[in-house]
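Single-structure report; data block below.
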Amino acid sequence: RNMSSKQQLESLSLTLALVVKSGKYSMGFNQALKNIRSNKAKLVLISNNTPALRRSQLEYVAMLANVNIHIYSQSSRELGTAVGKPFNVSVMTVIDAGDADLSAFNN
């Protein structure tokens, strides 16, 4: 069972790498709010250590705009690593998936 969640995480990381390579994305809380409000966001990823208030603000705005939210099962450090950045990323917004298939995040 643990293996399957590890495999799922690896597949999500590969999908994120593909978004970064071939698509459009933004990072950060304010950018996420801006992209959700302007109907550009396709998916919002939130790391599991994002403060509860910010997380609920994003969830509320995304719900109103009918945008999918995915709570990434790891911390902002791991999310940063998954998108190939040398810093912590607590919120990432996918604007254009490029060649990536975002259906893996619909859970």
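So you can find residues: chains in the structure tokens are A, B, ... in the order shown, residues in each start at 1, and ligands are numbered from 1 in order.
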Taking the chain letters and numbering used in this document, name the residues of chain A that DSSP puts in strand (DSSP E or B), as an NGL selection string. :A and (24-27 or 43-46 or 68-71 or 91-96)
If you count only C-alpha atoms, which residues fall within 12 Å of segment 53-62 of chain A, apart from same-chain ones fewer than 4 positions away, as a PyMOL selection string? chain A and resi 28-49+66-72+90-93
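Among the candidates A:Ala65, A:Val20, A:Leu9, A:Met27, the residue lying nearest to Val89 of chain A is A:Met27 (atoms considered: only C-alpha atoms).
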Can you pull out the residues contacting segment 82-84 of chain A? Cut-off 10 Å, using only C-alpha atoms, and skip same-chain residues under 4 positions away; I want them as a VMD selection string. chain A and resid 9 to 10 12 to 21 76 to 78 89 92
